[in-house]
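Dumped structure_27.cif below, it's mmCIF, C-alpha atoms and all ligand atoms:
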data_coords
#
loop_
_atom_site.label_atom_id
_atom_site.label_comp_id
_atom_site.auth_asym_id
_atom_site.auth_seq_id
_atom_site.Cartn_x
_atom_site.Cartn_y
_atom_site.Cartn_z
CA MET A 1 -24.17 0.32 24.39
CA ASN A 2 -21.38 -0.37 21.92
CA GLN A 3 -23.11 1.65 19.26
CA LEU A 4 -23.38 4.63 21.62
CA HIS A 5 -19.70 4.34 22.47
CA CYS A 6 -18.76 4.53 18.78
CA GLN A 7 -20.87 7.59 18.13
CA GLN A 8 -19.31 9.39 21.04
CA ASN A 9 -15.82 8.61 19.84
CA ALA A 10 -16.49 10.04 16.39
CA GLU A 11 -17.96 13.18 17.87
CA TYR A 12 -15.45 13.93 20.61
CA TYR A 13 -12.16 13.02 18.96
CA PRO A 14 -11.71 15.13 15.84
CA GLU A 15 -8.25 13.62 15.10
CA ARG A 16 -8.24 11.16 12.24
CA GLY A 17 -7.03 7.61 11.79
CA LYS A 18 -4.30 6.37 14.10
CA MET A 19 -4.12 9.79 15.82
CA ALA A 20 -7.71 9.45 16.98
CA ALA A 21 -8.91 7.58 20.06
CA PRO A 22 -9.82 3.95 19.26
CA PHE A 23 -12.93 3.75 17.11
CA LEU A 24 -13.80 0.27 18.39
CA GLU A 25 -13.58 -1.27 21.85
CA THR A 26 -11.97 -4.62 22.60
CA GLY A 27 -14.67 -7.25 22.97
CA MET A 28 -17.37 -5.42 21.04
CA ILE A 29 -19.33 -7.36 18.45
CA ILE A 30 -20.03 -5.90 15.01
CA GLY A 31 -21.99 -7.14 11.98
CA LEU A 32 -25.64 -8.01 11.38
CA LYS A 33 -25.80 -11.13 9.19
CA ARG A 34 -22.41 -12.27 10.50
CA SER A 35 -20.84 -11.37 13.85
CA PHE A 36 -17.24 -10.41 14.47
CA GLN A 37 -15.66 -9.83 17.87
CA VAL A 38 -13.04 -7.08 18.00
CA GLU A 39 -9.71 -8.02 19.64
CA LYS A 40 -7.11 -5.26 19.25
CA MET A 41 -5.91 -2.46 17.01
CA VAL A 42 -3.16 -3.60 14.63
CA GLY A 43 -2.75 -0.57 12.39
CA GLY A 44 -3.90 2.88 11.52
CA GLY A 45 -3.46 5.36 8.70
CA GLY A 46 -4.51 8.92 8.02
CA PHE A 47 -8.21 8.07 8.05
CA GLY A 48 -8.93 4.57 9.24
CA GLN A 49 -7.99 2.14 11.95
CA ILE A 50 -7.36 -1.59 11.50
CA TYR A 51 -8.32 -4.13 14.15
CA ARG A 52 -7.87 -7.85 14.56
CA ALA A 53 -11.19 -9.61 15.13
CA VAL A 54 -12.67 -13.11 15.12
CA ASP A 55 -15.54 -14.34 12.96
CA LEU A 56 -17.71 -15.85 15.72
CA GLU A 57 -19.15 -18.53 13.44
CA SER A 58 -16.13 -19.77 11.49
CA LYS A 59 -13.58 -18.74 14.19
CA LEU A 60 -11.47 -17.27 11.39
CA VAL A 61 -9.21 -14.41 12.51
CA VAL A 62 -9.86 -11.37 10.32
CA ALA A 63 -8.99 -7.67 9.96
CA VAL A 64 -11.55 -4.89 10.36
CA LYS A 65 -10.89 -1.58 8.62
CA VAL A 66 -13.02 1.16 10.18
CA GLU A 67 -13.54 4.74 9.08
CA PRO A 68 -15.86 7.34 10.59
CA LYS A 69 -18.85 8.05 8.34
CA SER A 70 -18.07 11.72 8.83
CA THR A 71 -14.62 11.70 7.09
CA ASP A 72 -15.38 11.09 3.38
CA PRO A 73 -17.62 8.04 3.21
CA GLY A 74 -16.75 7.75 -0.50
CA ARG A 75 -13.26 6.54 0.42
CA ILE A 76 -14.29 3.30 2.08
CA VAL A 77 -17.00 2.64 -0.53
CA LEU A 78 -14.41 3.00 -3.29
CA GLU A 79 -12.01 0.75 -1.38
CA LEU A 80 -14.67 -1.93 -0.90
CA ASN A 81 -15.67 -1.77 -4.55
CA ILE A 82 -12.06 -2.27 -5.68
CA LEU A 83 -11.35 -5.05 -3.17
CA VAL A 84 -14.43 -6.93 -4.38
CA GLN A 85 -13.33 -6.61 -8.01
CA LEU A 86 -9.85 -7.82 -7.07
CA ALA A 87 -11.18 -10.80 -5.10
CA HIS A 88 -9.14 -13.29 -7.13
CA SER A 89 -5.88 -11.36 -7.12
CA SER A 90 -3.02 -13.00 -5.29
CA HIS A 91 -1.48 -9.81 -3.84
CA ILE A 92 -4.63 -8.07 -2.60
CA PRO A 93 -6.32 -8.97 0.75
CA LYS A 94 -9.58 -10.91 0.39
CA VAL A 95 -12.71 -9.08 1.48
CA TYR A 96 -15.28 -11.09 3.49
CA TYR A 97 -17.99 -8.69 4.65
CA SER A 98 -18.82 -5.00 5.08
CA GLY A 99 -21.22 -2.99 7.17
CA GLU A 100 -21.74 -0.08 9.50
CA THR A 101 -21.79 0.32 13.23
CA GLY A 102 -22.84 3.57 14.87
CA ALA A 103 -20.83 6.40 13.35
CA PHE A 104 -18.48 4.08 11.44
CA ASN A 105 -18.32 2.11 8.21
CA PHE A 106 -16.23 -1.04 8.23
CA ILE A 107 -14.79 -3.69 5.92
CA ILE A 108 -13.90 -7.19 7.12
CA MET A 109 -10.95 -8.60 5.24
CA GLN A 110 -8.04 -11.01 5.33
CA LEU A 111 -5.75 -10.36 8.30
CA LEU A 112 -2.19 -9.56 7.27
CA GLY A 113 1.11 -9.18 9.13
CA SER A 114 3.28 -6.10 9.56
CA ASN A 115 3.83 -3.64 6.77
CA ILE A 116 7.32 -3.53 5.29
CA ALA A 117 8.05 -0.01 6.57
CA GLU A 118 7.76 -1.44 10.10
CA LEU A 119 9.67 -4.57 9.16
CA ARG A 120 12.55 -2.54 7.70
CA LYS A 121 12.88 -0.59 10.93
CA PHE A 122 13.32 -3.83 12.87
CA GLN A 123 16.28 -4.88 10.71
CA LYS A 124 19.67 -4.28 12.35
CA THR A 125 20.87 -2.33 9.29
CA ARG A 126 17.45 -0.66 8.85
CA SER A 127 17.57 -1.98 5.29
CA PHE A 128 16.74 -5.13 3.36
CA SER A 129 19.06 -7.28 1.31
CA VAL A 130 19.06 -6.98 -2.48
CA GLU A 131 17.25 -10.35 -2.69
CA THR A 132 14.44 -9.31 -0.32
CA THR A 133 14.07 -5.96 -2.09
CA ALA A 134 13.84 -7.70 -5.47
CA ARG A 135 11.20 -10.13 -4.15
CA VAL A 136 9.16 -7.24 -2.75
CA GLY A 137 9.42 -5.47 -6.10
CA ILE A 138 8.46 -8.49 -8.20
CA GLN A 139 5.44 -9.38 -6.05
CA CYS A 140 4.25 -5.76 -6.05
CA LEU A 141 4.63 -5.58 -9.84
CA GLU A 142 2.32 -8.63 -10.07
CA GLY A 143 -0.18 -6.94 -7.73
CA LEU A 144 -0.02 -3.67 -9.64
CA LYS A 145 -0.56 -5.48 -12.93
CA GLN A 146 -3.77 -6.96 -11.48
CA ILE A 147 -4.95 -3.53 -10.27
CA HIS A 148 -4.07 -1.82 -13.56
CA THR A 149 -5.77 -4.50 -15.63
CA LEU A 150 -9.02 -3.45 -13.96
CA GLY A 151 -8.39 0.13 -15.10
CA TYR A 152 -7.39 1.51 -11.68
CA ILE A 153 -4.28 3.22 -10.38
CA HIS A 154 -3.49 2.98 -6.65
CA ARG A 155 -1.73 6.36 -6.27
CA ASP A 156 -0.24 5.69 -2.84
CA ILE A 157 2.16 2.78 -3.20
CA LYS A 158 4.69 2.98 -0.33
CA PRO A 159 6.29 0.57 2.17
CA SER A 160 3.57 1.16 4.78
CA ASN A 161 0.94 0.09 2.22
CA ILE A 162 2.67 -3.23 1.51
CA CYS A 163 2.03 -5.92 4.13
CA ALA A 164 3.42 -9.40 4.62
CA GLY A 165 0.92 -12.24 4.79
CA ILE A 166 0.61 -14.48 7.85
CA GLY A 167 0.49 -18.25 8.44
CA GLY A 168 0.50 -20.14 5.16
CA HIS A 169 0.72 -16.82 3.28
CA LYS A 170 3.79 -15.44 5.00
CA ARG A 171 5.85 -15.44 1.81
CA ILE A 172 3.24 -13.40 -0.03
CA LEU A 173 3.16 -9.60 -0.02
CA TYR A 174 -0.09 -7.69 -0.26
CA ILE A 175 -0.95 -4.18 -1.43
CA VAL A 176 -3.38 -2.40 0.92
CA ASP A 177 -5.25 0.91 1.13
CA PHE A 178 -7.27 1.69 -1.97
CA GLY A 179 -8.72 4.89 -0.49
CA MET A 180 -6.82 7.04 -2.96
CA ALA A 181 -7.28 4.86 -6.05
CA ARG A 182 -8.69 6.26 -9.29
CA ARG A 183 -10.19 4.58 -12.30
CA ILE A 184 -8.34 5.91 -15.33
CA ARG A 185 -9.42 3.35 -17.93
CA LEU A 186 -13.00 2.44 -18.71
CA PRO A 187 -14.21 -1.09 -19.48
CA ASP A 188 -14.28 -0.24 -23.23
CA GLY A 189 -10.51 0.37 -23.02
CA SER A 190 -10.69 4.15 -23.40
CA PHE A 191 -8.92 6.47 -20.94
CA ARG A 192 -10.60 9.21 -18.95
CA PRO A 193 -9.73 12.58 -20.49
CA GLU A 194 -6.55 14.20 -19.25
CA ARG A 195 -7.08 17.14 -16.88
CA PRO A 196 -4.85 20.19 -17.39
CA TYR A 197 -4.23 20.28 -13.62
CA ALA A 198 -4.57 17.35 -11.25
CA SER A 199 -4.46 18.05 -7.52
CA PHE A 200 -1.74 16.31 -5.55
CA ARG A 201 -2.46 12.72 -4.51
CA GLY A 202 -0.04 10.38 -2.79
CA THR A 203 2.89 10.64 -0.41
CA SER A 204 5.54 13.19 -1.33
CA ARG A 205 8.47 10.89 -0.48
CA TYR A 206 7.46 8.27 -3.07
CA VAL A 207 5.47 9.97 -5.86
CA SER A 208 6.63 10.39 -9.45
CA LEU A 209 7.88 13.67 -10.89
CA ALA A 210 4.58 13.89 -12.85
CA ALA A 211 2.63 13.84 -9.56
CA HIS A 212 4.92 16.55 -8.13
CA GLU A 213 4.16 18.62 -11.22
CA ARG A 214 0.39 18.12 -10.73
CA LYS A 215 0.13 16.31 -14.07
CA GLU A 216 -2.43 13.60 -14.76
CA THR A 217 -0.91 10.29 -13.65
CA GLY A 218 -1.19 6.79 -15.09
CA PHE A 219 -0.15 3.19 -14.54
CA VAL A 220 3.56 4.03 -14.73
CA ASP A 221 3.29 6.48 -11.82
CA ASP A 222 2.40 3.62 -9.45
CA ILE A 223 5.61 1.94 -10.57
CA TRP A 224 7.60 5.11 -9.91
CA CYS A 225 6.24 4.97 -6.34
CA LEU A 226 7.34 1.35 -6.16
CA PHE A 227 10.80 2.26 -7.49
CA PHE A 228 11.36 4.93 -4.81
CA SER A 229 9.97 2.52 -2.17
CA LEU A 230 12.44 -0.19 -3.23
CA LEU A 231 15.31 2.26 -3.12
CA GLU A 232 14.32 3.24 0.40
CA LEU A 233 14.14 -0.41 1.48
CA VAL A 234 17.55 -1.33 0.11
CA GLU A 235 19.67 1.78 0.78
CA GLY A 236 17.57 4.76 1.91
CA LEU A 237 16.44 7.92 0.14
CA PRO A 238 18.51 11.12 -0.02
CA TRP A 239 15.37 13.22 0.68
CA LYS A 240 14.30 11.30 3.79
CA ASN A 241 14.74 14.35 6.04
CA ILE A 242 13.34 16.93 3.63
CA ALA A 243 9.79 18.08 4.33
CA ASP A 244 9.33 20.66 1.58
CA GLN A 245 7.63 19.03 -1.41
CA ASP A 246 9.38 21.16 -4.06
CA GLN A 247 12.74 20.41 -2.50
CA VAL A 248 11.95 16.67 -2.51
CA CYS A 249 11.09 16.96 -6.21
CA PHE A 250 14.38 18.80 -6.88
CA VAL A 251 16.48 16.12 -5.15
CA LYS A 252 14.57 13.33 -6.96
CA ARG A 253 15.37 15.02 -10.27
CA GLN A 254 19.04 15.22 -9.33
CA LEU A 255 19.13 11.56 -8.36
CA LEU A 256 17.51 10.49 -11.62
CA ALA A 257 19.82 12.62 -13.76
CA ASN A 258 22.67 10.27 -12.91
CA PHE A 259 21.04 7.29 -11.22
CA GLN A 260 23.28 4.72 -9.62
CA SER A 261 22.50 2.27 -6.89
CA ARG A 262 25.15 1.38 -4.35
CA LYS A 263 23.63 -1.99 -3.41
CA MET A 264 21.43 -3.08 -6.33
CA GLY A 265 24.17 -2.74 -8.95
CA ARG A 266 24.29 -1.58 -12.57
CA ASN A 267 21.30 -3.54 -13.85
CA PHE A 268 18.96 -1.59 -11.59
CA GLU A 269 19.88 1.59 -13.47
CA MET A 270 17.69 0.34 -16.32
CA PHE A 271 14.58 0.32 -14.11
CA PRO A 272 14.04 4.13 -14.02
CA GLN A 273 15.22 4.38 -17.63
CA ILE A 274 12.35 2.14 -18.71
CA LEU A 275 9.87 4.12 -16.61
CA GLU A 276 11.09 7.37 -18.17
CA HIS A 277 10.18 5.95 -21.59
CA THR A 278 6.73 4.74 -20.49
CA LYS A 279 3.91 7.20 -21.17
CA ARG A 280 0.91 7.80 -18.90
CA THR A 281 -1.44 5.66 -20.97
CA ASP A 282 1.09 2.94 -21.83
CA ILE A 283 0.78 -0.49 -20.26
CA PRO A 284 4.07 -0.89 -18.35
CA ASP A 285 6.31 -3.82 -19.21
CA TYR A 286 5.87 -5.55 -15.83
CA GLU A 287 7.74 -8.69 -16.93
CA ARG A 288 10.80 -6.79 -18.13
CA LEU A 289 10.91 -4.77 -14.90
CA SER A 290 10.66 -7.99 -12.87
CA GLY A 291 13.46 -9.48 -14.96
CA ILE A 292 15.67 -6.50 -14.10
CA LEU A 293 15.01 -6.99 -10.38
CA LYS A 294 15.82 -10.68 -10.65
CA SER A 295 19.05 -9.91 -12.48
CA CYS A 296 20.20 -7.75 -9.54
CA CYS A 297 20.28 -10.83 -7.26
CA VAL A 298 23.13 -13.28 -6.85
CA SER A 299 20.53 -15.98 -6.28
CA PHE A 300 16.76 -15.58 -6.38
CA ASN A 301 14.37 -17.86 -4.53
CA ASP A 302 10.83 -16.67 -3.89
CA LEU A 303 10.11 -19.74 -1.72
CA GLU A 304 12.73 -18.95 0.90
CA GLU A 305 11.79 -17.43 4.26
CA PHE A 306 11.88 -13.65 4.30
CA GLU A 307 14.59 -12.13 6.49
CA TRP A 308 11.90 -10.81 8.86
CA ASP A 309 10.06 -14.15 9.29
CA ASP A 310 11.18 -14.87 12.86
CA HIS A 311 10.62 -11.36 13.98
CA ASP A 312 7.12 -11.03 12.54
CA GLU A 313 5.86 -14.16 14.27
CA GLN A 314 6.98 -12.68 17.60
CA TYR A 315 5.69 -9.26 16.76
CA ARG A 316 2.08 -10.33 16.26
N1 LIG B 401 -5.82 -6.39 6.21
C1 LIG B 401 -4.92 -5.92 7.08
N2 LIG B 401 -4.43 -6.71 8.05
C2 LIG B 401 -3.51 -6.25 8.94
N3 LIG B 401 -3.02 -5.00 8.92
C3 LIG B 401 -3.48 -4.16 7.96
C4 LIG B 401 -4.44 -4.57 7.00
N4 LIG B 401 -4.70 -3.52 6.18
C5 LIG B 401 -3.93 -2.51 6.62
N5 LIG B 401 -3.20 -2.87 7.69
C6 LIG B 401 -2.25 -2.05 8.46
O1 LIG B 401 -2.85 -0.82 8.82
C7 LIG B 401 -2.13 0.29 8.29
C8 LIG B 401 -3.11 1.35 7.81
O2 LIG B 401 -3.97 0.80 6.82
P1 LIG B 401 -4.55 1.67 5.64
O3 LIG B 401 -3.38 2.30 4.90
O4 LIG B 401 -5.48 0.85 4.85
O5 LIG B 401 -5.32 2.82 6.46
P2 LIG B 401 -5.75 4.27 5.97
O6 LIG B 401 -6.35 4.94 7.11
O7 LIG B 401 -6.56 4.17 4.73
O8 LIG B 401 -4.34 4.92 5.63
P3 LIG B 401 -3.97 6.17 4.71
O9 LIG B 401 -4.17 7.37 5.49
O10 LIG B 401 -2.50 5.90 4.38
O11 LIG B 401 -4.83 6.17 3.50
C9 LIG B 401 -1.25 -0.28 7.18
O12 LIG B 401 -0.04 0.45 7.09
C10 LIG B 401 -1.02 -1.72 7.62
O13 LIG B 401 0.13 -1.79 8.44
#
Could you render the structure from this file as structure tokens?
Ligand SMILES: Nc1ncnc2c1ncn2[C@@H]1O[C@H](COP(=O)(O)OP(=O)(O)OP(=O)(O)O)[C@@H](O)[C@H]1O
Amino acid sequence: MNQLHCQQNAEYYPERGKMAAPFLETGMIIGLKRSFQVEKMVGGGGFGQIYRAVDLESKLVVAVKVEPKSTDPGRIVLELNILVQLAHSSHIPKVYYSGETGAFNFIIMQLLGSNIAELRKFQKTRSFSVETTARVGIQCLEGLKQIHTLGYIHRDIKPSNICAGIGGHKRILYIVDFGMARRIRLPDGSFRPERPYASFRGTSRYVSLAAHERKETGFVDDIWCLFFSLLELVEGLPWKNIADQDQVCFVKRQLLANFQSRKMGRNFEMFPQILEHTKRTDIPDYERLSGILKSCCVSFNDLEEFEWDDHDEQYR
């Protein structure tokens, strides 16, 4: 019965991801060797939907990421493969199980809290403090270092792909959504050959100038996405209401020509300067960039509660 319901959904609702009708029904049980009972939808992107579920044996609350087999099955396979390789990374959700049900593939992973795009919108000022922004940046730099060390680039770092942990992990931030990742470095240390033209990947608001220009991207381009994300979190982006991609690129160029940050202060100006001097195949200086973020704070304490802590407990 449940299986039939899933197949019908995939067939009759051509919209993707969060725009589509729910892929899974509350109460349905998925998994063969292990069983998980679906509770409710907690997120959705362009392709997939994320549900909260319970592992019926261990009673552990988990997240289920589901994608229709019909949308590019390679995406979820790639995501699973990367999550498994990053199993020991502190800023990547743990993967527990994977499988298929009817017309859908799914991954069972660690349940996280809200993403920081949502959390920012719940702030009175619709922005985070310098300290919170710096903590987000430093934790994401650690996560990106772990991803890059494996030879992958994420290619879609943005506030909605950064989630807060829950329970005992609520002071940890996690990078999600590896559906657009690409391996650029092989295990022997060599880089995949540069393509003369690379089609656009990522989200226009956050991507690097190189991505706008359809150039081959590297490790540093993930950090450019992080830089624009941090700027949005702390004081907003001048191109937030611009839809045209070329226009966004033009305004980004203008901003970088004379970069100043109203809230982060003078030290933050060095952050894009360092990125500008980092080549596609260079290993970014994660520690130096983290040091810059720390130096923007009056006091830095990564063990303190985040400013959204109260809200997120209620929100879930
Ligand atoms: N493990 C998780 N636990 C709780 N919520 C999650 C988890 N993973 C993702 N989410 C939430 O679901 C949203 C969508 O997830 P994700 O980006 O992985 O989906 P997607 O369909 O691949 O999106 P996109 O179209 O951006 O590639 C995220 O913004 C996040 O808020």
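Closest approach to ligand LIG 401 (chain B) among A:Glu118, A:Asp55, A:Glu232, A:Asp177: A:Asp177, based on all atoms listed in the file.
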Please determine an axis-aligned box that encloses all atoms of ligand LIG 401 (chain B) listed in the file, with 4 Å added on each side, and express its centre and edge lengths in Å to one decimal as JSON.
{"center_x": -3.2, "center_y": 0.3, "center_z": 6.2, "size_x": 14.7, "size_y": 22.1, "size_z": 13.4}
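Here CA of Ile283 (chain A) stands at a distance of 7.7 Å from CA of Val220 (chain A).
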Tell me, counting only C-alpha atoms, for each residue of region 211-304 of chain A within 10 Å of region 153-157 of chain A, which pair of atoms is nearest and how far apart they are in Å to one decimal, in rows ordered by chain and increasing number, as a tab-separated table.
residue	atom	partner	partner_atom	distance
A:Ala211	CA	A:Arg155	CA	9.3
A:Thr217	CA	A:Arg155	CA	8.4
A:Gly218	CA	A:Ile153	CA	6.7
A:Phe219	CA	A:Ile153	CA	5.9
A:Val220	CA	A:Ile153	CA	9.0
A:Asp221	CA	A:Arg155	CA	7.5
A:Asp222	CA	A:Arg155	CA	5.9
A:Ile223	CA	A:Ile157	CA	8.2
A:Trp224	CA	A:Ile157	CA	8.9
A:Cys225	CA	A:Ile157	CA	5.6
A:Leu226	CA	A:Ile157	CA	6.1
A:Phe227	CA	A:Ile157	CA	9.7
A:Phe228	CA	A:Ile157	CA	9.6
A:Ser229	CA	A:Ile157	CA	7.9
(request) Check the smallest atom-to-atom distance from each of A:Leu56, A:Ile162, A:Leu83, A:Leu255 to ligand LIG 401 (chain B) using all atoms listed in the file, then report the winner. (result) A:Ile162
(request) Go through the chains and note each residue within 6 Å of ligand LIG 401 (chain B), using all atoms listed in the file, then give the set as a PyMOL selection string. (result) chain A and resi 17+42-50+63+109-115+160-161+176-177+179
(request) Pick out the closest residue to Gly202 (chain A) from this set: A:Gln245, A:Thr132, A:Ser35, A:Ser190. Count all atoms listed in the file. (result) A:Gln245
